[in-house]
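S.K.: So I've got this file, work_31.cif, and it contains mmCIF, C-alpha atoms:
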data_protein
loop_
_atom_site.label_atom_id
_atom_site.label_comp_id
_atom_site.auth_asym_id
_atom_site.auth_seq_id
_atom_site.Cartn_x
_atom_site.Cartn_y
_atom_site.Cartn_z
CA MET S 1 86.41 52.09 101.74
CA GLU S 2 83.22 51.21 99.88
CA PRO S 3 81.84 53.74 97.42
CA ARG S 4 78.63 55.54 98.32
CA GLY S 5 76.71 57.24 95.55
CA ARG S 6 76.99 57.10 91.78
CA THR S 7 77.36 60.76 90.89
CA ARG S 8 80.81 60.17 89.41
CA TRP S 9 79.35 57.72 86.89
CA ALA S 10 76.72 60.27 85.88
CA ILE S 11 79.57 62.70 85.26
CA GLY S 12 81.34 59.99 83.26
CA GLY S 13 78.19 59.64 81.16
CA LEU S 14 78.10 63.40 80.58
CA LEU S 15 81.74 63.40 79.44
CA ALA S 16 80.96 60.52 77.09
CA GLY S 17 77.96 62.42 75.73
CA GLY S 18 80.15 65.39 74.89
CA ILE S 19 82.57 63.18 72.99
CA VAL S 20 79.68 61.60 71.05
CA VAL S 21 78.59 65.08 69.95
CA ASN S 22 82.19 65.96 69.03
CA PHE S 23 82.60 62.96 66.82
CA LEU S 24 79.19 63.44 65.23
CA ASP S 25 80.49 66.84 64.08
CA ARG S 26 83.76 65.35 62.85
CA THR S 27 82.25 62.33 61.11
CA ALA S 28 79.77 64.41 59.11
CA ILE S 29 82.51 65.53 56.70
CA SER S 30 83.52 61.91 56.00
CA VAL S 31 79.95 60.86 55.24
CA ALA S 32 79.48 63.91 53.01
CA SER S 33 82.86 63.57 51.27
CA SER S 34 81.63 62.10 47.98
CA SER S 35 78.78 64.61 47.70
CA ILE S 36 81.11 67.52 48.49
CA ALA S 37 83.65 66.29 45.95
CA GLU S 38 80.92 66.09 43.31
CA ASP S 39 79.48 69.53 44.13
CA PHE S 40 82.83 71.30 44.11
CA GLY S 41 84.63 69.16 41.47
CA LEU S 42 87.39 67.79 43.74
CA ASP S 43 89.75 64.88 43.07
CA LEU S 44 90.99 62.59 45.85
CA GLN S 45 94.04 64.68 46.64
CA GLN S 46 91.99 67.91 46.85
CA LEU S 47 89.36 66.14 48.92
CA GLY S 48 92.13 65.08 51.31
CA VAL S 49 92.93 68.77 51.93
CA VAL S 50 89.28 69.46 52.85
CA LEU S 51 89.06 66.37 55.06
CA SER S 52 92.26 67.27 56.91
CA ALA S 53 91.41 70.96 57.53
CA PHE S 54 89.78 70.19 60.88
CA THR S 55 92.81 68.22 61.97
CA TRP S 56 95.33 71.00 61.35
CA SER S 57 93.65 73.56 63.62
CA TYR S 58 92.69 70.87 66.15
CA CYS S 59 96.34 69.86 66.26
CA LEU S 60 97.70 73.37 66.75
CA VAL S 61 95.46 74.14 69.73
CA GLN S 62 96.15 70.95 71.67
CA LEU S 63 99.00 72.24 73.83
CA PRO S 64 97.33 75.62 74.54
CA ALA S 65 94.03 73.83 75.22
CA GLY S 66 95.68 71.41 77.63
CA MET S 67 97.32 74.26 79.54
CA LEU S 68 94.06 76.24 79.62
CA VAL S 69 92.27 73.18 81.01
CA ASP S 70 94.84 73.06 83.82
CA LEU S 71 94.61 76.81 84.45
CA LEU S 72 90.86 77.46 84.05
CA GLY S 73 89.31 74.07 84.70
CA VAL S 74 87.19 71.81 82.51
CA SER S 75 83.83 73.39 83.32
CA ARG S 76 84.46 76.96 82.14
CA LEU S 77 86.50 76.11 79.05
CA THR S 78 84.00 73.54 77.76
CA ARG S 79 81.09 75.99 78.16
CA ILE S 80 82.71 78.33 75.64
CA ALA S 81 83.96 75.60 73.33
CA SER S 82 80.69 73.69 73.04
CA ALA S 83 78.80 76.78 71.88
CA LEU S 84 81.34 77.18 69.08
CA TRP S 85 80.72 73.61 67.87
CA ALA S 86 77.24 74.61 66.76
CA VAL S 87 78.50 77.77 65.04
CA ALA S 88 81.07 75.76 63.07
CA GLY S 89 78.42 73.22 62.01
CA LEU S 90 76.11 75.92 60.70
CA LEU S 91 78.94 77.61 58.80
CA THR S 92 79.76 74.29 57.13
CA ALA S 93 76.11 73.84 56.13
CA VAL S 94 75.99 77.21 54.34
CA ALA S 95 79.49 77.09 52.78
CA SER S 96 79.38 78.36 49.20
CA GLY S 97 82.73 76.95 48.10
CA VAL S 98 85.90 75.15 49.13
CA GLY S 99 87.37 78.22 50.91
CA PRO S 100 84.44 78.83 53.29
CA LEU S 101 84.18 75.07 53.87
CA ILE S 102 87.82 74.88 54.95
CA VAL S 103 87.39 77.93 57.23
CA ALA S 104 84.39 76.30 58.94
CA ARG S 105 86.35 73.09 59.50
CA LEU S 106 89.30 75.06 60.91
CA LEU S 107 86.93 76.75 63.38
CA LEU S 108 85.53 73.39 64.43
CA GLY S 109 89.08 72.16 65.09
CA VAL S 110 89.76 75.11 67.41
CA ALA S 111 86.41 74.71 69.19
CA GLU S 112 86.85 70.98 69.80
CA GLY S 113 90.49 71.30 70.84
CA PRO S 114 89.78 71.05 74.60
CA SER S 115 87.40 68.07 74.30
CA MET S 116 89.56 64.98 74.76
CA VAL S 117 92.15 66.66 77.01
CA GLY S 118 89.30 68.03 79.12
CA ALA S 119 87.72 64.59 79.40
CA SER S 120 91.08 63.15 80.47
CA LYS S 121 91.48 65.89 83.09
CA ALA S 122 87.90 65.46 84.35
CA THR S 123 88.27 61.68 84.61
CA ALA S 124 91.42 62.11 86.71
CA ALA S 125 89.49 64.50 88.97
CA TRP S 126 86.35 62.41 89.36
CA PHE S 127 87.54 58.78 89.52
CA PRO S 128 89.88 56.87 91.82
CA VAL S 129 92.74 54.98 90.18
CA GLY S 130 90.99 51.63 90.66
CA GLU S 131 88.08 52.76 88.45
CA ARG S 132 90.14 54.74 85.95
CA GLY S 133 90.16 52.02 83.28
CA MET S 134 86.39 51.84 82.89
CA ALA S 135 85.97 55.59 83.37
CA THR S 136 88.46 56.30 80.59
CA ALA S 137 86.85 53.65 78.40
CA LEU S 138 83.55 55.50 78.82
CA PHE S 139 84.72 58.73 77.23
CA ASP S 140 87.10 57.18 74.70
CA GLY S 141 84.60 54.42 73.89
CA ALA S 142 82.17 57.21 73.10
CA THR S 143 84.35 58.02 70.08
CA LYS S 144 83.63 54.57 68.67
CA LEU S 145 79.97 54.66 69.69
CA ALA S 146 79.63 58.03 67.96
CA ASN S 147 81.00 56.59 64.74
CA MET S 148 78.69 53.59 64.99
CA ILE S 149 75.69 55.91 65.34
CA ALA S 150 76.86 58.77 63.17
CA PHE S 151 77.60 56.93 59.94
CA PRO S 152 74.12 55.44 59.38
CA VAL S 153 72.22 58.40 60.88
CA LEU S 154 74.10 61.03 58.89
CA ALA S 155 74.04 58.87 55.77
CA PHE S 156 70.23 58.68 56.09
CA VAL S 157 69.85 62.44 56.68
CA MET S 158 72.14 63.31 53.78
CA SER S 159 70.53 60.77 51.46
CA GLU S 160 67.10 62.26 52.15
CA TRP S 161 67.82 66.01 52.38
CA GLY S 162 71.34 66.56 51.01
CA TRP S 163 74.76 66.81 52.60
CA ARG S 164 74.15 70.28 54.06
CA ALA S 165 71.28 68.96 56.17
CA GLY S 166 73.71 66.66 57.97
CA PHE S 167 75.64 69.64 59.32
CA VAL S 168 72.46 71.41 60.40
CA PHE S 169 71.55 68.24 62.32
CA SER S 170 74.95 68.06 64.04
CA ALA S 171 74.76 71.77 64.97
CA ALA S 172 71.36 71.25 66.62
CA VAL S 173 72.75 68.38 68.70
CA SER S 174 75.68 70.61 69.76
CA VAL S 175 73.26 73.29 71.01
CA LEU S 176 71.42 70.70 73.09
CA PHE S 177 74.65 69.42 74.66
CA THR S 178 75.79 72.96 75.49
CA ALA S 179 72.65 73.51 77.55
CA VAL S 180 73.07 70.19 79.41
CA TRP S 181 76.75 70.89 80.16
CA TRP S 182 76.06 74.36 81.60
CA TRP S 183 73.50 72.82 83.92
CA GLY S 184 75.21 69.56 84.84
CA TYR S 185 79.02 69.70 85.11
CA ARG S 186 81.10 70.85 88.08
CA ASP S 187 84.36 69.64 89.61
CA PRO S 188 83.90 67.37 92.67
CA SER S 189 84.90 70.18 95.02
CA ALA S 190 82.28 72.50 93.51
CA LEU S 191 79.29 70.14 93.10
CA ARG S 192 77.00 70.62 96.08
CA ALA S 193 74.90 67.56 95.22
CA LEU S 194 77.92 65.25 95.67
CA ARG S 195 77.62 63.27 98.92
CA PRO S 196 80.56 63.66 101.33
CA ALA S 197 81.00 59.87 101.48
CA GLU S 198 81.40 59.64 97.71
CA ARG S 199 83.76 62.63 97.66
CA ASP S 200 85.92 60.98 100.34
CA PHE S 201 85.93 57.71 98.37
CA ILE S 202 87.01 59.51 95.20
CA LEU S 203 89.82 61.43 96.87
CA ALA S 204 91.07 58.48 98.93
CA GLY S 205 91.44 56.48 95.73
CA GLY S 206 93.87 58.94 94.14
CA ALA S 207 91.56 61.29 92.21
CA ARG S 208 93.08 64.66 91.35
CA ASP S 209 90.32 67.12 92.22
CA ALA S 210 91.06 70.85 91.79
CA ASP S 211 94.44 69.94 90.27
CA ARG S 212 95.75 73.23 88.86
CA GLY S 213 99.14 73.92 87.34
CA GLY S 214 101.35 76.75 86.14
CA ALA S 215 104.42 77.46 84.03
CA ARG S 216 106.85 75.65 86.35
CA GLN S 217 104.79 72.46 86.33
CA PHE S 218 104.33 72.61 82.56
CA ARG S 219 108.09 72.89 82.01
CA ALA S 220 108.74 69.89 84.28
CA ALA S 221 106.24 67.78 82.33
CA LEU S 222 107.65 68.76 78.94
CA ARG S 223 111.18 67.83 80.05
CA SER S 224 110.17 64.23 80.79
CA GLY S 225 111.59 61.86 78.16
CA ARG S 226 109.10 59.14 79.07
CA ILE S 227 106.14 61.44 78.46
CA TRP S 228 107.47 62.32 74.99
CA ILE S 229 107.95 58.66 74.10
CA MET S 230 104.47 57.83 75.38
CA SER S 231 103.07 60.68 73.30
CA CYS S 232 104.85 59.47 70.15
CA GLY S 233 103.39 56.00 70.73
CA PHE S 234 99.93 57.52 70.95
CA ALA S 235 100.54 59.31 67.65
CA CYS S 236 101.06 55.91 65.99
CA TYR S 237 97.70 54.75 67.34
CA GLY S 238 95.99 57.95 66.25
CA TYR S 239 97.47 57.84 62.75
CA THR S 240 95.81 54.51 62.04
CA ILE S 241 92.44 54.88 63.72
CA ASN S 242 91.86 58.30 62.20
CA ILE S 243 92.63 57.34 58.61
CA VAL S 244 90.05 54.58 59.05
CA LEU S 245 87.58 57.07 60.54
CA THR S 246 88.14 59.60 57.77
CA TRP S 247 88.41 57.36 54.73
CA MET S 248 86.22 54.32 55.47
CA PRO S 249 83.04 55.53 53.66
CA GLU S 250 85.08 56.78 50.69
CA PHE S 251 87.07 53.53 50.59
CA LEU S 252 83.91 51.42 50.50
CA GLN S 253 82.27 53.62 47.87
CA ARG S 254 85.29 53.81 45.53
CA GLN S 255 86.73 50.33 46.00
CA PHE S 256 83.45 48.40 45.94
CA HIS S 257 81.04 50.94 44.38
CA VAL S 258 78.55 50.78 47.24
CA ARG S 259 76.01 53.58 47.63
CA LEU S 260 76.17 56.28 50.31
CA LEU S 261 73.55 54.82 52.63
CA GLN S 262 74.97 51.31 52.24
CA SER S 263 78.49 52.56 53.04
CA GLY S 264 77.06 54.13 56.20
CA LEU S 265 75.57 50.82 57.28
CA TYR S 266 78.78 48.94 56.52
CA SER S 267 80.81 51.53 58.43
CA MET S 268 78.62 51.07 61.50
CA ILE S 269 79.72 47.47 62.04
CA PRO S 270 83.45 47.96 62.83
CA TRP S 271 82.67 50.80 65.23
CA ALA S 272 80.06 48.68 67.03
CA VAL S 273 82.63 45.91 67.49
CA ALA S 274 85.20 48.48 68.66
CA THR S 275 82.82 49.98 71.24
CA VAL S 276 82.12 46.60 72.85
CA ALA S 277 85.80 45.60 72.79
CA GLU S 278 86.91 48.84 74.43
CA LEU S 279 84.44 48.69 77.31
CA ALA S 280 84.92 44.94 77.90
CA PHE S 281 88.70 44.62 77.55
CA GLY S 282 90.28 48.07 77.64
CA GLY S 283 88.06 49.16 80.54
CA TRP S 284 86.45 46.44 82.65
CA LEU S 285 89.16 43.76 82.21
CA VAL S 286 92.05 46.10 83.00
CA ASP S 287 90.39 47.34 86.21
CA ARG S 288 89.48 43.80 87.24
CA LEU S 289 93.00 42.43 86.72
CA VAL S 290 94.53 45.31 88.68
CA ARG S 291 92.05 44.92 91.57
CA ARG S 292 92.78 41.18 91.70
CA GLY S 293 96.45 41.84 92.32
CA ARG S 294 98.07 41.62 88.89
CA HIS S 295 100.98 44.01 88.42
CA PRO S 296 99.26 47.25 87.23
CA TRP S 297 101.92 48.33 84.75
CA ARG S 298 102.42 44.87 83.25
CA VAL S 299 98.66 44.67 82.73
CA ARG S 300 98.56 48.07 81.04
CA LYS S 301 101.61 47.42 78.87
CA SER S 302 100.32 44.02 77.74
CA VAL S 303 96.82 45.24 76.91
CA LEU S 304 98.09 48.33 75.13
CA THR S 305 100.72 46.66 72.96
CA CYS S 306 98.57 43.61 72.13
CA GLY S 307 95.75 45.94 71.10
CA LEU S 308 98.03 47.87 68.76
CA ALA S 309 99.31 44.61 67.28
CA LEU S 310 95.74 43.46 66.56
CA GLY S 311 95.13 46.85 64.94
CA ALA S 312 97.65 45.90 62.25
CA THR S 313 95.00 43.71 60.60
CA ILE S 314 93.95 46.92 58.80
CA GLY S 315 96.65 45.94 56.28
CA ALA S 316 94.43 43.13 54.97
CA ALA S 317 91.40 45.38 54.36
CA GLY S 318 92.89 47.21 51.38
CA SER S 319 93.24 44.03 49.33
CA ALA S 320 89.91 42.46 50.37
CA ALA S 321 87.84 40.93 47.58
CA SER S 322 84.46 42.18 48.81
CA PRO S 323 83.07 44.87 51.10
CA GLU S 324 81.99 42.20 53.60
CA VAL S 325 85.55 40.85 53.92
CA ALA S 326 86.94 44.38 54.17
CA VAL S 327 84.49 45.16 56.98
CA CYS S 328 85.59 42.02 58.85
CA TRP S 329 89.24 43.05 58.72
CA MET S 330 88.38 46.60 59.72
CA SER S 331 86.33 45.28 62.64
CA ALA S 332 89.31 43.27 63.92
CA SER S 333 91.64 46.24 63.49
CA LEU S 334 89.37 48.75 65.22
CA ALA S 335 88.68 46.30 68.05
CA GLY S 336 92.41 46.07 68.77
CA LEU S 337 92.90 49.82 68.60
CA ALA S 338 89.87 50.37 70.82
CA ILE S 339 91.24 47.99 73.46
CA ALA S 340 94.50 49.97 73.52
CA ALA S 341 92.88 53.41 73.63
CA PRO S 342 91.62 53.68 77.25
CA VAL S 343 94.96 52.49 78.59
CA ALA S 344 96.73 55.14 76.50
CA TRP S 345 94.32 57.90 77.59
CA SER S 346 94.60 56.93 81.28
CA LEU S 347 98.37 57.46 81.29
CA PRO S 348 98.37 61.28 81.70
CA GLY S 349 96.24 60.93 84.85
CA LEU S 350 98.77 58.43 86.22
CA LEU S 351 102.12 59.76 84.99
CA ALA S 352 101.72 63.54 84.74
CA PRO S 353 103.26 65.76 87.45
CA PRO S 354 100.77 67.59 89.72
CA GLY S 355 98.76 70.21 87.87
CA THR S 356 99.69 69.02 84.37
CA VAL S 357 97.21 66.31 83.40
CA GLY S 358 95.72 68.65 80.81
CA ALA S 359 99.10 69.76 79.48
CA VAL S 360 100.40 66.18 79.13
CA SER S 361 97.11 65.13 77.50
CA GLY S 362 97.48 68.11 75.18
CA LEU S 363 101.01 67.10 74.18
CA MET S 364 99.88 63.55 73.58
CA ASN S 365 96.93 64.65 71.46
CA PHE S 366 99.03 67.26 69.64
CA LEU S 367 101.37 64.59 68.29
CA ASN S 368 98.37 62.34 67.65
CA THR S 369 96.56 64.92 65.54
CA ALA S 370 99.74 65.97 63.72
CA ALA S 371 100.19 62.34 62.67
CA THR S 372 96.50 62.16 61.79
CA ALA S 373 96.64 65.24 59.56
CA GLY S 374 99.63 63.88 57.71
CA GLY S 375 97.99 60.47 57.49
CA VAL S 376 94.77 61.79 55.98
CA LEU S 377 96.72 63.63 53.27
CA LEU S 378 99.14 60.75 52.67
CA THR S 379 96.29 58.25 52.39
CA GLY S 380 94.56 60.36 49.73
CA ARG S 381 97.85 60.79 47.86
CA LEU S 382 98.78 57.08 47.93
CA ALA S 383 95.25 56.03 46.96
CA GLN S 384 95.30 58.52 44.06
CA VAL S 385 98.69 57.32 42.79
CA THR S 386 98.17 53.56 43.22
CA GLY S 387 94.46 53.43 42.39
CA SER S 388 93.53 51.57 45.59
CA PHE S 389 93.73 51.81 49.37
CA ALA S 390 96.01 48.77 49.78
CA ALA S 391 99.25 50.81 49.97
CA PRO S 392 98.10 53.37 52.57
CA PHE S 393 96.63 50.63 54.77
CA LEU S 394 99.88 48.66 54.63
CA PHE S 395 101.82 51.79 55.57
CA ALA S 396 99.57 52.08 58.65
CA VAL S 397 100.76 48.61 59.71
CA ALA S 398 104.36 49.87 59.76
CA VAL S 399 103.30 52.89 61.83
CA LEU S 400 101.63 50.62 64.39
CA ALA S 401 104.79 48.50 64.66
CA VAL S 402 106.67 51.64 65.71
CA GLY S 403 103.94 52.39 68.27
CA VAL S 404 104.23 48.93 69.83
CA ALA S 405 108.01 49.37 70.23
CA LEU S 406 107.64 52.81 71.84
CA TYR S 407 105.03 51.75 74.38
CA TRP S 408 106.87 48.52 75.20
CA TRP S 409 109.93 50.56 76.11
CA ALA S 410 108.10 53.33 77.99
CA LEU S 411 105.74 51.31 80.20
CA HIS S 412 108.03 49.31 82.41
CA PRO S 413 106.91 48.77 86.03
CA SER S 414 108.91 51.70 87.43
CA ALA S 415 107.04 54.18 85.21
CA ALA S 416 104.96 55.64 88.05
CA PRO S 417 105.61 53.90 91.36
CA ASP S 418 103.20 56.10 93.33
CA ALA S 419 100.31 56.09 90.86
CA GLU S 420 98.60 52.95 92.15
CA ARG S 421 98.66 54.21 95.74
CA GLY S 422 97.18 57.60 94.87
CA GLY S 423 100.26 59.35 96.26
CA ALA S 424 102.06 62.42 95.00
CA ARG S 425 103.28 61.98 91.47
CA GLN S 426 106.53 63.17 90.06
CA PRO S 427 107.38 63.27 86.38
CA ALA S 428 108.86 60.02 85.18
CA ARG S 429 112.35 60.48 83.77
CA VAL S 430 114.55 58.42 81.51
#
Written as structure tokens, how would this file's structure read?
M.R.:
Amino acid sequence: MEPRGRTRWAIGGLLAGGIVVNFLDRTAISVASSSIAEDFGLDLQQLGVVLSAFTWSYCLVQLPAGMLVDLLGVSRLTRIASALWAVAGLLTAVASGVGPLIVARLLLGVAEGPSMVGASKATAAWFPVGERGMATALFDGATKLANMIAFPVLAFVMSEWGWRAGFVFSAAVSVLFTAVWWWGYRDPSALRALRPAERDFILAGGARDADRGGARQFRAALRSGRIWIMSCGFACYGYTINIVLTWMPEFLQRQFHVRLLQSGLYSMIPWAVATVAELAFGGWLVDRLVRRGRHPWRVRKSVLTCGLALGATIGAAGSAASPEVAVCWMSASLAGLAIAAPVAWSLPGLLAPPGTVGAVSGLMNFLNTAATAGGVLLTGRLAQVTGSFAAPFLFAVAVLAVGVALYWWALHPSAAPDAERGGARQPARV
């Protein structure tokens, strides 16, 4: 059946826009880190606590957020959450000390908890399996695009008007997105403007529209050994990409003594490379290989594990002799991680039992953010003790090696035999 209409791609663009706004909010603290440390007299270890505050609350709400997405739907939950993004940004801008700053970041973590799991759920509802690679790359690639845009833009705003102005700017963008989301997003079954031919195409291809779950389905998903292994592999990916996200500006400023605006421009380059790599290889290439008859799970396993292996080049960045060389290594690393990401994020929509895409995505992102929170703190500690970022970046290489092993074991061809046909899915067991 040939697709008729492009509404689903407009929805994909809206999901991507929401993730861009999310990561603008998150990135602001990294760009402002040196200024905040100077204002409040923080050392690297104390700064690590401030930088990780968002991650702790974000981590804790992942499982509840995933279950709420399955119970309430993406539309309603995101309406509430997006309004809170702006509130958290404004509270950060007016923080009078470390305590209020940490509280504001904790609130942002709670508010943004449903974002990625909601995008995963919405993508499973709106896109057939044959388009899932590119659709997932759209919303996950938006995380890299956001970093590419956010670092130089926020660095400029903060250089001109101070670090607090950057959070006012991100809050204003959150308000704008909230209005667009209220007007524009519905599930396929509830969007009157969706043409019947396109709705039929979406559903015939294995999309999971109006997929709701309950306690029984959640328990079945959480008993699946394969889902836990997959989630632990994703935590290894998240550990590495998020320490780069959080510490890159600080690393460039401390290791090479570059100025704030210059560090923002340098930081833009790896994320630009990552955005292109994700859309071209993690999205378009995966879909193309599957449509041309290559074994779907061999394609996904190969792309995912090779991407994580390329991500290990982050180990060379810590000992680079110049900021330009460091940026080159970081570009290679983030490109590999970006190629792996859409495959990893597409797995809940393919492997989760009926009604549990949000819950499985929440479990996956819970372990991811737990690893991230520990990684942000550990990176600050190791950099403080050793006097450079070489040791924490090398440790990230070891973490990625574990991730490759976990995914290689989990994604054998029998992982989800019905997924490619759009049939009923049962939890994969080991």
S.K.: What gap, in Å, lies between CA of Ala321 (chain S) and CA of Phe256 (chain S)?
M.R.: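 So the answer is 8.8 Å.
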S.K.: Pick the closest to Leu138 (chain S) from S:Leu51, S:Leu194, S:Ala28, S:Leu15: which is it, counting all atoms listed in the file?
M.R.: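 Counting all atoms listed in the file, the residue closest to Leu138 (chain S) is S:Leu15.
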S.K.: Between S:Arg381, S:Arg132, S:Arg298, S:Arg259, single out the one closest to Trp9 (chain S), counting all atoms listed in the file.
M.R.: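 Checking each of S:Arg381, S:Arg132, S:Arg298, S:Arg259 against Trp9 (chain S), counting all atoms listed in the file, the winner is S:Arg132.
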S.K.: Using all atoms listed in the file, what does the table of region 131-213 of chain S residues within 12 Å of region 333-351 of chain S look like, with each row giving the shortest atom pair and its distance in Å to one decimal, sorted by chain and ascending number, as JSON lines?
M.R.:
{"residue": "S:Glu131", "atom": "CA", "partner": "S:Ser346", "partner_atom": "CA", "distance": 10.6}
{"residue": "S:Arg132", "atom": "CA", "partner": "S:Ser346", "partner_atom": "CA", "distance": 6.8}
{"residue": "S:Gly133", "atom": "CA", "partner": "S:Pro342", "partner_atom": "CA", "distance": 6.4}
{"residue": "S:Met134", "atom": "CA", "partner": "S:Pro342", "partner_atom": "CA", "distance": 7.9}
{"residue": "S:Ala135", "atom": "CA", "partner": "S:Pro342", "partner_atom": "CA", "distance": 8.5}
{"residue": "S:Thr136", "atom": "CA", "partner": "S:Pro342", "partner_atom": "CA", "distance": 5.3}
{"residue": "S:Ala137", "atom": "CA", "partner": "S:Pro342", "partner_atom": "CA", "distance": 4.9}
{"residue": "S:Leu138", "atom": "CA", "partner": "S:Pro342", "partner_atom": "CA", "distance": 8.4}
{"residue": "S:Phe139", "atom": "CA", "partner": "S:Pro342", "partner_atom": "CA", "distance": 8.6}
{"residue": "S:Asp140", "atom": "CA", "partner": "S:Pro342", "partner_atom": "CA", "distance": 6.3}
{"residue": "S:Gly141", "atom": "CA", "partner": "S:Ala338", "partner_atom": "CA", "distance": 7.3}
{"residue": "S:Ala142", "atom": "CA", "partner": "S:Ala338", "partner_atom": "CA", "distance": 10.5}
{"residue": "S:Thr143", "atom": "CA", "partner": "S:Ala338", "partner_atom": "CA", "distance": 9.5}
{"residue": "S:Lys144", "atom": "CA", "partner": "S:Ala338", "partner_atom": "CA", "distance": 7.8}
{"residue": "S:Leu145", "atom": "CA", "partner": "S:Ala338", "partner_atom": "CA", "distance": 10.8}
{"residue": "S:Asn147", "atom": "CA", "partner": "S:Leu334", "partner_atom": "CA", "distance": 11.5}
{"residue": "S:Met148", "atom": "CA", "partner": "S:Leu334", "partner_atom": "CA", "distance": 11.7}
{"residue": "S:Gly206", "atom": "CA", "partner": "S:Leu350", "partner_atom": "CA", "distance": 9.3}
{"residue": "S:Ala207", "atom": "CA", "partner": "S:Gly349", "partner_atom": "CA", "distance": 8.7}
{"residue": "S:Arg208", "atom": "CA", "partner": "S:Gly349", "partner_atom": "CA", "distance": 8.1}
{"residue": "S:Asp209", "atom": "CA", "partner": "S:Gly349", "partner_atom": "CA", "distance": 11.3}
{"residue": "S:Asp211", "atom": "CA", "partner": "S:Gly349", "partner_atom": "CA", "distance": 10.7}
S.K.: State, in Å with one decimal place, the distance from CA of Asn368 (chain S) to CA of Ile241 (chain S).
M.R.: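 Interatomic distance, CA of Asn368 (chain S) to CA of Ile241 (chain S): 10.3 Å.
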S.K.: At a cut-off of 12 Å, using all atoms listed in the file, what residues contact Val103 (chain S)? Leave out same-chain residues fewer than 2 positions from it and give the result as JSON, numbers by chain.
M.R.: {"S": [49, 50, 51, 52, 53, 54, 56, 57, 87, 88, 89, 90, 91, 92, 94, 95, 96, 97, 98, 99, 100, 101, 105, 106, 107, 108, 109, 110]}
S.K.: To test your reading of the syntax: which residues would the PyMOL selection byres ((chain S and resi 385-393) around 8) return for the file shown? Reply as a list of chain:residue names.
M.R.: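 For this structure, the PyMOL selection byres ((chain S and resi 385-393) around 8) resolves to S:Phe251, S:Gln255, S:Ile314, S:Gly315, S:Ala316, S:Ala317, S:Gly318, S:Ser319, S:Leu378, S:Thr379, S:Arg381, S:Leu382, S:Ala383, S:Gln384, S:Leu394, S:Phe395, S:Ala396, S:Val397.
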S.K.: Select, from S:Ser322, S:Ser35, S:Gln45, S:Asn22, the residue with the minimum atom-to-atom distance to Trp161 (chain S), counting only C-alpha atoms.
M.R.: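 Counting only C-alpha atoms, the residue closest to Trp161 (chain S) is S:Ser35.
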S.K.: Selected by the PyMOL selection byres ((chain S and resi 114) around 12) in the shown coordinates: which residues, as a VMD selection string?
M.R.: chain S and resid 18 to 19 22 57 to 70 72 to 82 84 to 85 108 to 113 115 to 122 358 to 359 361 to 363 365 to 366
S.K.: To verify the selection step, state as JSON, numbers by chain which residues the PyMOL selection byres ((chain S and resi 179) around 12) yields on this input.
M.R.: {"S": [14, 18, 78, 79, 80, 82, 83, 86, 172, 173, 174, 175, 176, 177, 178, 180, 181, 182, 183, 184, 185]}
S.K.: Work out how far apart CA of Ser331 (chain S) and CA of Ala410 (chain S) are and give it in Å to one decimal.
M.R.: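 We find that CA of Ser331 (chain S) and CA of Ala410 (chain S) lie 27.8 Å from each other.
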S.K.: Taking into account all atoms listed in the file, which residue in the set S:Pro323, S:Gly5, S:Gly13, S:Pro128 is nearest to Leu265 (chain S)?
M.R.: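 Once distances to Leu265 (chain S) are computed over all atoms listed in the file, the minimum belongs to S:Pro323.
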S.K.: Can you tell me which residues surround region 163-165 of chain S at a distance of at most 6 Å, considering only C-alpha atoms, apart from same-chain residues fewer than 4 positions away, and format the answer as a list in words?
M.R.: Ala32, Ala93 and Met158 of chain S
S.K.: Name the closest residue to Thr305 (chain S) among the candidates S:Ala155, S:Leu411, S:Val404, S:Leu42; distances are taken between atoms, counting only C-alpha atoms.
M.R.: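 Checking each candidate against Thr305 (chain S), we get S:Val404 as the closest.
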S.K.: Which residue gives the smallest distance to Ser189 (chain S) among S:Trp329, S:Tyr237, S:Trp126, S:Trp297, with all atoms listed in the file counted?
M.R.: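 Of all the options, S:Trp126 lies closest to Ser189 (chain S).
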S.K.: Find the residues near Pro249 (chain S): any atom within 7 Å, counting only C-alpha atoms, skip ones fewer than 5 places away on the same chain, and give them as a list of chain:residue names.
M.R.: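 Result of the neighbour search: S:Ser30, S:Val31, S:Ser263, S:Gly264, S:Ser267.
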S.K.: With a distance cut-off of 7 Å and only C-alpha atoms, select the neighbouring residues of region 287-291 of chain S, excluding the residue or stretch itself and same-chain residues fewer than 2 positions from it, and output the selection as a ChimeraX atom specification.
M.R.: /S:130-131,133-134,283-285,293-296
S.K.: How about completing region 365-369 of chain S with N, CA and C atoms and giving it to me as a compact mmCIF listing (two decimals), keeping the file's coordinate frame?
M.R.:
# COMPACT_ATOMS: atom_id res chain seq x y z
N ASN S 365 97.90 64.49 72.55
CA ASN S 365 96.93 64.65 71.46
C ASN S 365 97.45 65.57 70.35
N PHE S 366 98.39 66.46 70.67
CA PHE S 366 99.03 67.26 69.64
C PHE S 366 99.79 66.38 68.65
N LEU S 367 100.62 65.49 69.17
CA LEU S 367 101.37 64.59 68.29
C LEU S 367 100.43 63.63 67.57
N ASN S 368 99.38 63.21 68.26
CA ASN S 368 98.37 62.34 67.65
C ASN S 368 97.73 63.01 66.45
N THR S 369 97.27 64.25 66.62
CA THR S 369 96.56 64.92 65.54
C THR S 369 97.50 65.37 64.43
